[in-house]
Every structure is written in structure tokens, then in C-alpha cells.
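data_12.cif follows; it contains mmCIF, C-alpha atoms.
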data_target
#
loop_
_atom_site.group_PDB
_atom_site.id
_atom_site.type_symbol
_atom_site.label_atom_id
_atom_site.label_comp_id
_atom_site.auth_asym_id
_atom_site.auth_seq_id
_atom_site.Cartn_x
_atom_site.Cartn_y
_atom_site.Cartn_z
ATOM 1 C CA MET A 781 75.626 161.980 21.829
ATOM 2 C CA SER A 782 76.908 164.960 23.799
ATOM 3 C CA PRO A 783 74.996 168.267 23.876
ATOM 4 C CA GLU A 784 77.844 169.864 21.883
ATOM 5 C CA ALA A 785 77.545 167.248 19.129
ATOM 6 C CA ARG A 786 73.788 167.701 18.991
ATOM 7 C CA LEU A 787 74.195 171.468 18.712
ATOM 8 C CA GLY A 788 76.233 171.079 15.560
ATOM 9 C CA ALA A 789 73.886 168.578 13.935
ATOM 10 C CA GLU A 790 70.484 170.208 14.078
ATOM 11 C CA SER A 791 68.557 173.287 12.913
ATOM 12 C CA THR A 792 68.486 176.194 15.303
ATOM 13 C CA VAL A 793 64.765 176.042 16.203
ATOM 14 C CA GLN A 794 62.112 173.512 15.226
ATOM 15 C CA LEU A 795 58.536 173.702 16.482
ATOM 16 C CA ALA A 796 56.163 170.943 15.415
ATOM 17 C CA GLY A 797 52.461 171.100 16.290
ATOM 18 C CA LEU A 798 53.321 173.013 19.450
ATOM 19 C CA THR A 799 50.220 173.469 21.596
ATOM 20 C CA LYS A 800 49.689 174.785 25.120
ATOM 21 C CA ARG A 801 46.389 174.787 26.990
ATOM 22 C CA PHE A 802 45.595 176.161 30.428
ATOM 23 C CA GLY A 803 42.405 174.384 31.420
ATOM 24 C CA ARG A 804 39.846 175.199 28.742
ATOM 25 C CA ASN A 805 41.879 178.077 27.334
ATOM 26 C CA THR A 806 44.247 177.440 24.420
ATOM 27 C CA ALA A 807 47.183 179.839 24.606
ATOM 28 C CA LEU A 808 49.051 178.298 21.660
ATOM 29 C CA ASP A 809 47.485 176.129 18.978
ATOM 30 C CA ASP A 810 49.413 173.747 16.681
ATOM 31 C CA VAL A 811 52.347 176.045 15.831
ATOM 32 C CA THR A 812 54.900 174.616 13.387
ATOM 33 C CA LEU A 813 57.980 176.679 12.586
ATOM 34 C CA THR A 814 61.672 176.340 11.704
ATOM 35 C CA ILE A 815 64.404 178.953 12.201
ATOM 36 C CA GLY A 816 67.702 178.418 10.412
ATOM 37 C CA PRO A 817 71.290 179.479 11.113
ATOM 38 C CA GLY A 818 72.055 183.149 10.493
ATOM 39 C CA GLU A 819 68.379 184.139 10.523
ATOM 40 C CA VAL A 820 66.471 186.710 12.551
ATOM 41 C CA PHE A 821 62.862 185.627 12.821
ATOM 42 C CA GLY A 822 60.482 188.401 13.820
ATOM 43 C CA TYR A 823 57.592 187.066 15.884
ATOM 44 C CA LEU A 824 54.786 189.581 15.661
ATOM 45 C CA GLY A 825 51.410 189.755 17.328
ATOM 46 C CA PRO A 826 49.180 191.703 19.690
ATOM 47 C CA ASN A 827 49.648 191.425 23.424
ATOM 48 C CA GLY A 828 48.096 188.187 24.636
ATOM 49 C CA ALA A 829 48.337 186.478 21.235
ATOM 50 C CA GLY A 830 50.747 183.742 22.324
ATOM 51 C CA LYS A 831 54.224 185.179 21.734
ATOM 52 C CA THR A 832 55.467 184.874 25.311
ATOM 53 C CA THR A 833 53.866 181.449 25.698
ATOM 54 C CA THR A 834 55.822 180.277 22.641
ATOM 55 C CA ILE A 835 59.045 181.633 24.098
ATOM 56 C CA ARG A 836 58.467 180.037 27.495
ATOM 57 C CA LEU A 837 57.852 176.702 25.814
ATOM 58 C CA LEU A 838 60.994 177.219 23.768
ATOM 59 C CA MET A 839 63.024 177.912 26.912
ATOM 60 C CA GLY A 840 61.619 174.874 28.757
ATOM 61 C CA MET A 841 59.741 176.988 31.290
ATOM 62 C CA LEU A 842 56.404 175.465 30.287
ATOM 63 C CA ARG A 843 55.600 171.896 29.304
ATOM 64 C CA PRO A 844 53.727 171.612 26.015
ATOM 65 C CA THR A 845 50.273 170.088 26.033
ATOM 66 C CA SER A 846 51.169 168.481 22.721
ATOM 67 C CA GLY A 847 53.746 168.877 19.984
ATOM 68 C CA THR A 848 57.478 169.434 20.335
ATOM 69 C CA ALA A 849 59.974 172.276 20.596
ATOM 70 C CA SER A 850 63.591 171.626 19.612
ATOM 71 C CA VAL A 851 66.320 174.198 20.280
ATOM 72 C CA LEU A 852 69.774 173.597 18.773
ATOM 73 C CA GLY A 853 68.932 169.911 18.568
ATOM 74 C CA LEU A 854 67.836 169.750 22.204
ATOM 75 C CA ASP A 855 64.355 168.952 23.465
ATOM 76 C CA ALA A 856 63.243 172.219 25.042
ATOM 77 C CA TRP A 857 61.405 170.532 27.920
ATOM 78 C CA ARG A 858 63.439 167.404 28.644
ATOM 79 C CA GLN A 859 66.830 169.078 28.138
ATOM 80 C CA SER A 860 65.968 172.545 29.387
ATOM 81 C CA ARG A 861 69.171 172.821 31.431
ATOM 82 C CA ASP A 862 71.292 172.373 28.295
ATOM 83 C CA VAL A 863 69.036 174.843 26.450
ATOM 84 C CA HIS A 864 69.566 177.459 29.152
ATOM 85 C CA ARG A 865 73.342 177.055 28.870
ATOM 86 C CA ALA A 866 73.288 177.362 25.085
ATOM 87 C CA VAL A 867 70.777 180.193 24.526
ATOM 88 C CA GLY A 868 70.940 183.915 25.232
ATOM 89 C CA TYR A 869 67.539 184.953 26.581
ATOM 90 C CA VAL A 870 65.940 188.326 27.233
ATOM 91 C CA PRO A 871 62.546 187.886 28.967
ATOM 92 C CA GLY A 872 59.753 190.405 28.678
ATOM 93 C CA GLU A 873 60.296 191.396 32.316
ATOM 94 C CA PRO A 874 63.973 190.834 33.213
ATOM 95 C CA ALA A 875 64.503 189.310 36.666
ATOM 96 C CA LEU A 876 67.662 190.808 38.187
ATOM 97 C CA TYR A 877 69.254 190.656 41.627
ATOM 98 C CA ASP A 878 68.571 194.119 43.031
ATOM 99 C CA ARG A 879 71.637 194.233 45.284
ATOM 100 C CA LEU A 880 74.109 193.058 42.646
ATOM 101 C CA THR A 881 75.871 195.463 40.303
ATOM 102 C CA GLY A 882 76.063 194.867 36.575
ATOM 103 C CA HIS A 883 79.651 193.622 37.006
ATOM 104 C CA GLN A 884 78.482 191.129 39.627
ATOM 105 C CA HIS A 885 75.679 189.905 37.343
ATOM 106 C CA VAL A 886 78.237 189.363 34.582
ATOM 107 C CA ALA A 887 80.599 187.510 36.939
ATOM 108 C CA TYR A 888 77.773 185.322 38.238
ATOM 109 C CA CYS A 889 76.581 184.353 34.750
ATOM 110 C CA SER A 890 80.176 183.669 33.674
ATOM 111 C CA HIS A 891 80.572 181.377 36.690
ATOM 112 C CA LEU A 892 77.397 179.472 35.795
ATOM 113 C CA ARG A 893 78.748 178.855 32.281
ATOM 114 C CA HIS A 894 82.276 178.036 33.548
ATOM 115 C CA ARG A 895 83.851 180.665 31.307
ATOM 116 C CA ASP A 896 84.956 184.284 31.498
ATOM 117 C CA ASP A 897 82.827 186.505 29.270
ATOM 118 C CA GLY A 898 83.579 189.705 31.166
ATOM 119 C CA GLN A 899 85.536 191.486 28.433
ATOM 120 C CA TRP A 900 82.870 191.069 25.761
ATOM 121 C CA ALA A 901 80.153 191.982 28.280
ATOM 122 C CA ALA A 902 82.018 195.210 29.088
ATOM 123 C CA GLU A 903 82.320 196.053 25.388
ATOM 124 C CA VAL A 904 78.603 195.513 24.777
ATOM 125 C CA ALA A 905 77.705 197.543 27.878
ATOM 126 C CA ALA A 906 79.876 200.412 26.659
ATOM 127 C CA ARG A 907 78.170 200.374 23.257
ATOM 128 C CA LEU A 908 74.775 200.452 24.984
ATOM 129 C CA ASP A 909 75.915 203.266 27.298
ATOM 130 C CA LEU A 910 75.326 201.141 30.391
ATOM 131 C CA ASP A 911 77.241 201.615 33.671
ATOM 132 C CA LEU A 912 77.938 198.113 35.014
ATOM 133 C CA GLY A 913 79.072 199.523 38.354
ATOM 134 C CA LYS A 914 75.576 200.377 39.574
ATOM 135 C CA PRO A 915 73.331 198.016 41.599
ATOM 136 C CA ALA A 916 70.343 196.754 39.632
ATOM 137 C CA ARG A 917 67.884 198.378 42.050
ATOM 138 C CA THR A 918 69.163 201.829 41.037
ATOM 139 C CA LEU A 919 68.716 201.256 37.310
ATOM 140 C CA SER A 920 65.900 202.729 35.262
ATOM 141 C CA ARG A 921 63.667 200.419 33.266
ATOM 142 C CA GLY A 922 65.656 201.097 30.121
ATOM 143 C CA ASN A 923 68.987 200.375 31.812
ATOM 144 C CA ARG A 924 67.635 197.185 33.361
ATOM 145 C CA GLN A 925 66.675 196.130 29.850
ATOM 146 C CA LYS A 926 70.185 196.971 28.624
ATOM 147 C CA LEU A 927 71.692 194.804 31.354
ATOM 148 C CA ALA A 928 69.420 191.920 30.328
ATOM 149 C CA VAL A 929 70.679 192.312 26.746
ATOM 150 C CA VAL A 930 74.312 192.296 27.922
ATOM 151 C CA LEU A 931 73.731 189.094 29.913
ATOM 152 C CA ALA A 932 72.045 187.477 26.902
ATOM 153 C CA VAL A 933 74.721 188.227 24.304
ATOM 154 C CA MET A 934 77.877 188.081 26.443
ATOM 155 C CA SER A 935 78.448 184.342 25.913
ATOM 156 C CA ARG A 936 78.118 184.734 22.130
ATOM 157 C CA PRO A 937 75.382 182.066 21.942
ATOM 158 C CA ARG A 938 74.276 180.482 18.685
ATOM 159 C CA LEU A 939 70.683 181.460 19.431
ATOM 160 C CA LEU A 940 69.190 184.586 20.987
ATOM 161 C CA VAL A 941 65.592 184.426 22.218
ATOM 162 C CA LEU A 942 64.384 187.980 22.695
ATOM 163 C CA ASP A 943 60.964 188.828 24.129
ATOM 164 C CA GLU A 944 60.401 192.513 23.254
ATOM 165 C CA PRO A 945 64.057 193.252 24.079
ATOM 166 C CA THR A 946 64.058 196.980 23.321
ATOM 167 C CA SER A 947 61.083 197.859 25.531
ATOM 168 C CA GLY A 948 61.965 201.031 27.424
ATOM 169 C CA ILE A 949 65.205 201.629 25.486
ATOM 170 C CA ASP A 950 65.530 204.951 23.672
ATOM 171 C CA PRO A 951 65.642 204.932 19.836
ATOM 172 C CA LEU A 952 69.364 205.735 19.508
ATOM 173 C CA VAL A 953 70.317 202.800 21.729
ATOM 174 C CA GLN A 954 67.862 200.617 19.816
ATOM 175 C CA GLN A 955 69.953 201.266 16.703
ATOM 176 C CA VAL A 956 73.067 200.078 18.541
ATOM 177 C CA PHE A 957 71.205 196.944 19.635
ATOM 178 C CA HIS A 958 70.162 196.286 16.034
ATOM 179 C CA SER A 959 73.825 196.554 14.991
ATOM 180 C CA ILE A 960 74.795 194.009 17.645
ATOM 181 C CA LEU A 961 72.052 191.709 16.385
ATOM 182 C CA ARG A 962 73.296 191.986 12.791
ATOM 183 C CA GLU A 963 76.826 191.159 13.940
ATOM 184 C CA HIS A 964 75.438 188.116 15.740
ATOM 185 C CA THR A 965 73.770 186.759 12.594
ATOM 186 C CA ALA A 966 76.773 187.646 10.404
ATOM 187 C CA ASP A 967 78.745 185.182 12.529
ATOM 188 C CA GLY A 968 76.128 182.469 11.893
ATOM 189 C CA GLY A 969 73.984 183.059 14.960
ATOM 190 C CA SER A 970 70.188 183.102 14.902
ATOM 191 C CA ALA A 971 67.548 185.039 16.788
ATOM 192 C CA LEU A 972 63.851 184.859 17.600
ATOM 193 C CA PHE A 973 62.730 188.459 18.123
ATOM 194 C CA SER A 974 59.201 189.005 19.436
ATOM 195 C CA SER A 975 57.410 192.322 19.256
ATOM 196 C CA HIS A 976 53.968 193.851 18.791
ATOM 197 C CA VAL A 977 55.436 196.612 16.580
ATOM 198 C CA LEU A 978 56.119 195.653 12.965
ATOM 199 C CA GLY A 979 58.202 198.748 12.263
ATOM 200 C CA GLU A 980 60.958 197.640 14.627
ATOM 201 C CA VAL A 981 60.979 193.987 13.540
ATOM 202 C CA GLU A 982 61.109 195.093 9.904
ATOM 203 C CA ARG A 983 64.511 196.725 10.468
ATOM 204 C CA VAL A 984 66.241 193.533 11.607
ATOM 205 C CA ALA A 985 64.234 190.455 10.573
ATOM 206 C CA ASP A 986 64.723 188.150 7.597
ATOM 207 C CA ARG A 987 61.276 186.597 8.039
ATOM 208 C CA ILE A 988 58.204 187.634 9.971
ATOM 209 C CA GLY A 989 55.590 185.382 11.545
ATOM 210 C CA VAL A 990 52.239 186.646 12.782
ATOM 211 C CA VAL A 991 50.527 184.956 15.725
ATOM 212 C CA ARG A 992 46.905 185.718 16.596
ATOM 213 C CA ALA A 993 44.757 184.021 19.219
ATOM 214 C CA GLY A 994 47.471 181.390 19.645
ATOM 215 C CA LYS A 995 47.653 180.488 15.940
ATOM 216 C CA LEU A 996 50.513 181.204 13.559
ATOM 217 C CA VAL A 997 48.501 182.825 10.779
ATOM 218 C CA ALA A 998 51.303 183.904 8.434
ATOM 219 C CA VAL A 999 55.030 183.494 7.815
ATOM 220 C CA GLU A 1000 56.607 185.778 5.222
ATOM 221 C CA ARG A 1001 60.089 186.677 4.022
ATOM 222 C CA LEU A 1002 60.621 190.429 4.056
ATOM 223 C CA GLN A 1003 61.949 190.371 0.487
ATOM 224 C CA ASP A 1004 58.768 188.599 -0.653
ATOM 225 C CA LEU A 1005 56.647 191.167 1.156
ATOM 226 C CA ALA A 1006 58.551 193.939 -0.581
ATOM 227 C CA ALA A 1007 57.891 192.297 -3.963
ATOM 228 C CA ARG A 1008 54.158 192.338 -3.215
ATOM 229 C CA SER A 1009 54.243 195.858 -1.903
ATOM 230 C CA LEU A 1010 51.114 197.903 -2.420
ATOM 231 C CA HIS A 1011 51.050 201.131 -4.411
ATOM 232 C CA ARG A 1012 48.738 204.002 -3.650
ATOM 233 C CA VAL A 1013 47.087 205.211 -6.819
ATOM 234 C CA ARG A 1014 45.114 208.443 -7.068
ATOM 235 C CA ALA A 1015 43.687 210.017 -10.211
ATOM 236 C CA ARG A 1016 41.447 212.959 -11.040
ATOM 237 C CA PHE A 1017 39.591 212.996 -14.337
ATOM 238 C CA ALA A 1018 37.944 215.718 -16.427
ATOM 239 C CA GLY A 1019 34.641 213.863 -16.169
ATOM 240 C CA GLU A 1020 33.001 211.172 -14.067
ATOM 241 C CA VAL A 1021 34.369 207.626 -14.339
ATOM 242 C CA PRO A 1022 32.643 204.272 -13.697
ATOM 243 C CA ALA A 1023 34.009 202.141 -10.874
ATOM 244 C CA ALA A 1024 33.186 198.743 -12.409
ATOM 245 C CA GLY A 1025 36.200 198.513 -14.718
ATOM 246 C CA PHE A 1026 38.688 199.375 -12.005
ATOM 247 C CA ALA A 1027 37.110 196.957 -9.533
ATOM 248 C CA ALA A 1028 37.647 194.110 -12.033
ATOM 249 C CA VAL A 1029 41.452 194.510 -12.020
ATOM 250 C CA PRO A 1030 42.914 191.577 -10.005
ATOM 251 C CA GLY A 1031 44.590 192.684 -6.789
ATOM 252 C CA VAL A 1032 43.043 196.142 -6.593
ATOM 253 C CA ARG A 1033 41.797 196.886 -3.084
ATOM 254 C CA ASP A 1034 40.344 199.799 -1.101
ATOM 255 C CA LEU A 1035 38.859 201.173 -4.322
ATOM 256 C CA LEU A 1036 37.029 204.472 -3.978
ATOM 257 C CA VAL A 1037 35.499 206.290 -6.956
ATOM 258 C CA ASP A 1038 33.821 209.582 -6.144
ATOM 259 C CA GLY A 1039 32.636 211.415 -9.229
ATOM 260 C CA ARG A 1040 35.795 212.524 -11.012
ATOM 261 C CA THR A 1041 38.340 211.116 -8.517
ATOM 262 C CA LEU A 1042 39.678 207.614 -8.027
ATOM 263 C CA SER A 1043 41.852 206.165 -5.285
ATOM 264 C CA CYS A 1044 42.924 202.600 -4.561
ATOM 265 C CA ASN A 1045 45.776 200.377 -3.425
ATOM 266 C CA ALA A 1046 47.261 197.918 -5.898
ATOM 267 C CA PRO A 1047 50.160 195.437 -5.978
ATOM 268 C CA GLN A 1048 52.861 195.858 -8.586
ATOM 269 C CA SER A 1049 51.299 193.093 -10.705
ATOM 270 C CA ALA A 1050 48.108 195.146 -11.136
ATOM 271 C CA LEU A 1051 49.696 198.438 -12.148
ATOM 272 C CA ASP A 1052 49.858 197.834 -15.912
ATOM 273 C CA ALA A 1053 46.157 196.997 -16.257
ATOM 274 C CA LEU A 1054 45.206 199.783 -13.873
ATOM 275 C CA LEU A 1055 47.202 202.422 -15.742
ATOM 276 C CA LYS A 1056 45.697 201.367 -19.078
ATOM 277 C CA LEU A 1057 42.215 201.955 -17.657
ATOM 278 C CA VAL A 1058 43.238 205.297 -16.168
ATOM 279 C CA SER A 1059 44.800 206.476 -19.441
ATOM 280 C CA ALA A 1060 41.583 205.655 -21.309
ATOM 281 C CA GLY A 1061 40.009 208.668 -19.607
ATOM 282 C CA GLU A 1062 40.949 212.363 -19.700
ATOM 283 C CA VAL A 1063 43.345 212.628 -16.740
ATOM 284 C CA GLU A 1064 43.865 215.970 -14.987
ATOM 285 C CA ASP A 1065 46.048 214.704 -12.150
ATOM 286 C CA PHE A 1066 47.720 211.402 -11.292
ATOM 287 C CA GLU A 1067 49.788 210.078 -8.401
ATOM 288 C CA CYS A 1068 51.304 206.649 -7.727
ATOM 289 C CA SER A 1069 53.500 205.974 -4.697
ATOM 290 C CA GLU A 1070 54.653 202.844 -2.911
ATOM 291 C CA ALA A 1071 52.926 202.294 0.417
ATOM 292 C CA PRO A 1072 55.125 201.673 3.472
ATOM 293 C CA LEU A 1073 55.804 197.984 4.051
ATOM 294 C CA GLU A 1074 54.167 198.195 7.472
ATOM 295 C CA GLU A 1075 50.903 199.488 6.030
ATOM 296 C CA MET A 1076 50.863 196.764 3.377
ATOM 297 C CA PHE A 1077 51.577 194.002 5.880
ATOM 298 C CA LEU A 1078 48.891 195.184 8.265
ATOM 299 C CA SER A 1079 46.413 195.445 5.419
ATOM 300 C CA TYR A 1080 47.045 191.848 4.342
ATOM 301 C CA TYR A 1081 46.722 190.378 7.817
ATOM 302 C CA GLY A 1082 44.029 192.536 9.360
ATOM 303 C CA LEU A 1083 46.118 194.197 12.075
ATOM 304 C CA ASP A 1084 45.348 197.731 13.159
ATOM 305 C CA PRO A 1085 47.593 200.736 12.293
ATOM 306 C CA ALA A 1086 49.400 200.515 15.639
ATOM 307 C CA GLY A 1087 50.874 197.185 14.579
ATOM 308 C CA SER A 1088 48.541 194.976 16.588
ATOM 309 C CA ALA A 1089 45.086 193.513 16.343
ATOM 310 C CA ALA A 1090 42.108 194.145 18.508
ATOM 311 C CA ALA A 1091 42.280 191.220 20.886
ATOM 312 C CA SER A 1092 39.230 189.041 20.888
ATOM 313 C CA PRO A 1093 37.915 187.771 24.230
ATOM 314 C CA SER A 1094 39.567 184.402 23.584
ATOM 315 C CA GLU A 1095 42.932 186.126 22.918
ATOM 316 C CA SER A 1096 42.688 188.114 26.116
ATOM 317 C CA VAL A 1097 41.754 185.091 28.218
ATOM 318 C CA ALA A 1098 44.480 182.940 26.701
ATOM 319 C CA GLY A 1099 47.071 185.664 27.214
ATOM 320 C CA THR A 1100 46.027 186.143 30.838
ATOM 321 C CA ALA A 1101 46.165 182.419 31.506
ATOM 322 C CA ALA A 1102 49.592 182.200 29.926
ATOM 323 C CA HIS A 1103 50.851 185.132 31.961
ATOM 324 C CA HIS A 1104 49.709 183.656 35.283
ATOM 325 C CA ALA A 1105 50.988 180.193 34.398
ATOM 326 C CA GLY A 1106 54.432 181.534 33.471
#

Encoded form (C-alpha cells):
Amino acid sequence: MSPEARLGAESTVQLAGLTKRFGRNTALDDVTLTIGPGEVFGYLGPNGAGKTTTIRLLMGMLRPTSGTASVLGLDAWRQSRDVHRAVGYVPGEPALYDRLTGHQHVAYCSHLRHRDDGQWAAEVAARLDLDLGKPARTLSRGNRQKLAVVLAVMSRPRLLVLDEPTSGIDPLVQQVFHSILREHTADGGSALFSSHVLGEVERVADRIGVVRAGKLVAVERLQDLAARSLHRVRARFAGEVPAAGFAAVPGVRDLLVDGRTLSCNAPQSALDALLKLVSAGEVEDFECSEAPLEEMFLSYYGLDPAGSAAASPSESVAGTAAHHAG
């Protein structure tokens, strides 16, 4: 079967028990994951958690210790050349030819794929406010990142693999990039988008996966997260209130009762019971507001407010090993 036939027959990405060890250090541990057509999968985790290792395995740059990685029906390791032709890839640190201009990079990549993608590349560059006439060595970090994005999307691939693609790009241009990504998925394309910042992934992803210490600890659809969104509840009473009744309400968390005041976080399913308890007292003031999705997500999965987790020694070692091996 030709690579083209395989591309049409399989899911976009399939990882099964994917594991990578560097000596005694496990950088990725038994990750199983599927990404479907038209989906943006946000891959979230602290630095050194295993995101880049996953991507390098996916792109055939590392050989798995065990398990498999399939990209568009192709074995990521054994058929890495076909994967590279079929996938648009933005690495965490783009490797460019310093003496070549953006136009020359575009021409070179078009030549490698035996097709002319120059017109679309020029359109994307214009939208990103990137001058393709300048040599790469003269570009700022943000503009180098823009050029990497242009080179990734210019062939209109079915899959984009993006390792923190907006690093160094200003917020206005990030919005343009998000629009390009939505256009890509509207046409049936898929994307794996890694980041350590939930707020950015939230704007473009259909599902979010969290990786910590090499393990995929959670996979959630954004719409399901929204349905479980936490509400901040605060109440002040005329007299003191006991905490025991409120603590017994299923789902209530971060409960704090201090004399006449109560505060807690609660999912939507707990609000009815919670409000009945509150209304049983003499209420002087009451407030209920939906917590931001980012705060709720971080609360569920133990990440810190910056969108990452404090890396354990094993995470740091595994991340360092993965970095040097890649």
C-alpha cells in the first residue's frame, strides 16, 4: 500500500503504550492517545514533563523504548521519511539556515516536497507580518518563530505538530496564528499543540491532555471541563454558622468558614444543596460567580497558578535527559 493510501485509511495520530527511557531515567511512560481528523489536541505540562519527548517520538527523531507511534497511518520510526513529508512541524527551537532568506527557505522546502507552495507561504507570512526577504540571521526570536510557522503550514498538511509554536510571538500575532489554526481544522486538518500555559491552549484546543513526570495523567474535552466548571461561593451571615453541614455537600472544595463568613468552590451539581444550606441561615451578603476555566483545571490536576507544576527531581532529570538525547 502506498503512503498516500495509508494516509487516507488511518486516524491522524495513534500512540499505544509509548515509552522512552534514557538509561535509568524514564522520560515518557506508557502514553496511549488518539487524535482524530479536524481536532486540535492541546498537550499541556510543565517544562521537562515529557511533551517534547513525545513530539520527537512522533516525528521519528527518537526510537521508542517500547510501544508504538502512528502518524497518518505511518509508523513514526520506521517510516519517518514519509512522516516528515506529510506533517507540518514547528520545533521548540526552530533550526533555520542563517544565510538564507525567508523566500529561500520557502523555495527549498517546496523543492523537497516537489511542489510549489510559495503563494500560500507568502499569504501566511503577510498575515503574520513577516518579511520573507530578510536572512534568517537578522530575524528576531519572534520572527524566526513566525518563519517556522510559515514553513510548517505552507504545504497545507493534514497534521500540524507544534511544540510551543507561539513562543516569542506578540499577542496580536498569536491571534492571527490561532485563526490560521482554526482554518486548518475547518478543512479537516488536525494539530497537536504543546504548551505549558493552559490559557493559550484553551483558546484553540478541542481536548486537553496533561503530562506530568512522563505520564499522561488526564485527557479532557474542553466542553466537558466547562460543564464541570467550579463556582466561587461567598456568604456572610448575621450570626456564626457551623462548617460541618457545608463540608458534607458532595463536590464542595476549599471550604473556609470563619465566624460569620463562608467561602468555597463548588461544581454546578453542588449548587442546589449548597444554596439550600445557605438560605437556612440569616444571610447579609451573598456572591456566586463562575471560576475561570484555567483555575478550575489547575485545581483538579494539581498544577500551580502559572499553568505548570513544580517539577519533581525525577521530572527534571527526565526532561534533561530527553533534551540532551534529542

Around the point (76.1, 186.6, 12.6) in the file's coordinates, collect all residues with an atom within 12 Å, using all atoms listed in the file, and return them as a list of chain:residue names.
A:Gly816, A:Pro817, A:Gly818, A:Glu819, A:Val820, A:Val933, A:Arg936, A:Pro937, A:Arg938, A:Leu939, A:Leu940, A:His958, A:Ser959, A:Ile960, A:Leu961, A:Arg962, A:Glu963, A:His964, A:Thr965, A:Ala966, A:Asp967, A:Gly968, A:Gly969, A:Ser970, A:Ala971

Between CA of Leu1002 in chain A and CA of Asp986 in chain A, what is the distance, to one decimal in Å?
5.9 Å

Matched chain/residue IDs from the PyMOL selection byres ((chain A and resi 1023-1025) around 9), as a ChimeraX atom specification
/A:1021-1022,1026-1029,1035-1038,1042,1057

Straight-line distance linking CA of Val999 in chain A with CA of Trp857 in chain A, stated in Å to one decimal
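For CA of Val999 in chain A relative to CA of Trp857 in chain A, the distance reads 24.8 Å.
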
Go through A:Glu903, A:Ser860, A:Gly1019, A:Cys1044 one by one, measure the shortest atom-to-atom distance of each to Ala1060 in chain A using only C-alpha atoms, and give the residue with the smallest value.
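The closest residue to Ala1060 in chain A is A:Gly1019.
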
Distance table requested - range 982-1072 of chain A against range 828-852 of chain A, cut-off 12 Å, only C-alpha atoms: one row per qualifying residue with the closest atom pair and its distance in Å to one decimal, ordered by chain and rising residue number, as a tab-separated table.
residue	atom	partner	partner_atom	distance
A:Gly989	CA	A:Lys831	CA	10.3
A:Val990	CA	A:Lys831	CA	9.3
A:Val991	CA	A:Ala829	CA	6.1
A:Arg992	CA	A:Ala829	CA	4.9
A:Ala993	CA	A:Ala829	CA	4.8
A:Gly994	CA	A:Gly830	CA	4.8
A:Lys995	CA	A:Gly830	CA	7.8
A:Leu996	CA	A:Gly830	CA	9.1
A:Val997	CA	A:Ala829	CA	11.1

Residues picked by the PyMOL selection byres ((chain A and resi 925-931) around 7) here, as an mmCIF file with C-alpha atoms, keeping the file's coordinate frame?
data_model
loop_
_atom_site.group_PDB
_atom_site.id
_atom_site.type_symbol
_atom_site.label_atom_id
_atom_site.label_comp_id
_atom_site.auth_asym_id
_atom_site.auth_seq_id
_atom_site.Cartn_x
_atom_site.Cartn_y
_atom_site.Cartn_z
ATOM 1 C CA VAL A 870 65.940 188.326 27.233
ATOM 2 C CA PRO A 874 63.973 190.834 33.213
ATOM 3 C CA GLY A 882 76.063 194.867 36.575
ATOM 4 C CA VAL A 886 78.237 189.363 34.582
ATOM 5 C CA ALA A 901 80.153 191.982 28.280
ATOM 6 C CA VAL A 904 78.603 195.513 24.777
ATOM 7 C CA ALA A 905 77.705 197.543 27.878
ATOM 8 C CA LEU A 908 74.775 200.452 24.984
ATOM 9 C CA LEU A 910 75.326 201.141 30.391
ATOM 10 C CA ARG A 921 63.667 200.419 33.266
ATOM 11 C CA GLY A 922 65.656 201.097 30.121
ATOM 12 C CA ASN A 923 68.987 200.375 31.812
ATOM 13 C CA ARG A 924 67.635 197.185 33.361
ATOM 14 C CA ALA A 932 72.045 187.477 26.902
ATOM 15 C CA VAL A 933 74.721 188.227 24.304
ATOM 16 C CA MET A 934 77.877 188.081 26.443
ATOM 17 C CA PRO A 945 64.057 193.252 24.079
#

Could you tell me which residues the PyMOL selection byres ((chain A and resi 1047) around 7) grabs in this file, written as a ChimeraX atom specification?
/A:1008-1011,1031,1046,1048-1051

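Shortest atom-to-atom contact with Gly853 in chain A among A:Asn805, A:Ala866, A:Lys800, A:Glu982: A:Ala866, counting only C-alpha atoms.
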
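Checking A:Arg907, A:Arg987, A:His885, A:Arg1033 one by one against Val956 in chain A, counting all atoms listed in the file, you find the shortest gap at A:Arg907.
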
In Å to one decimal, how far is CA of Val977 in chain A from CA of Gly825 in chain A?
8.0 Å

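Using all atoms listed in the file, the nearest neighbour of Val981 in chain A within the list A:Leu880, A:Val793, A:Leu824, A:Leu1055 is A:Leu824.
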
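You can rank A:Ser935, A:Thr812, A:Gln859, A:Thr799 by their closest distance to Asp897 in chain A using all atoms listed in the file, and at the top of that list sits A:Ser935.
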
Once 6 Å is added on each side, what centre and edge lengths in Å to one decimal does the axis-aligned box around all listed atoms of range 953-961 of chain A have, as AutoDock Vina command-line options?
--center_x 71.3 --center_y 197.3 --center_z 18.4 --size_x 18.9 --size_y 23.1 --size_z 18.7
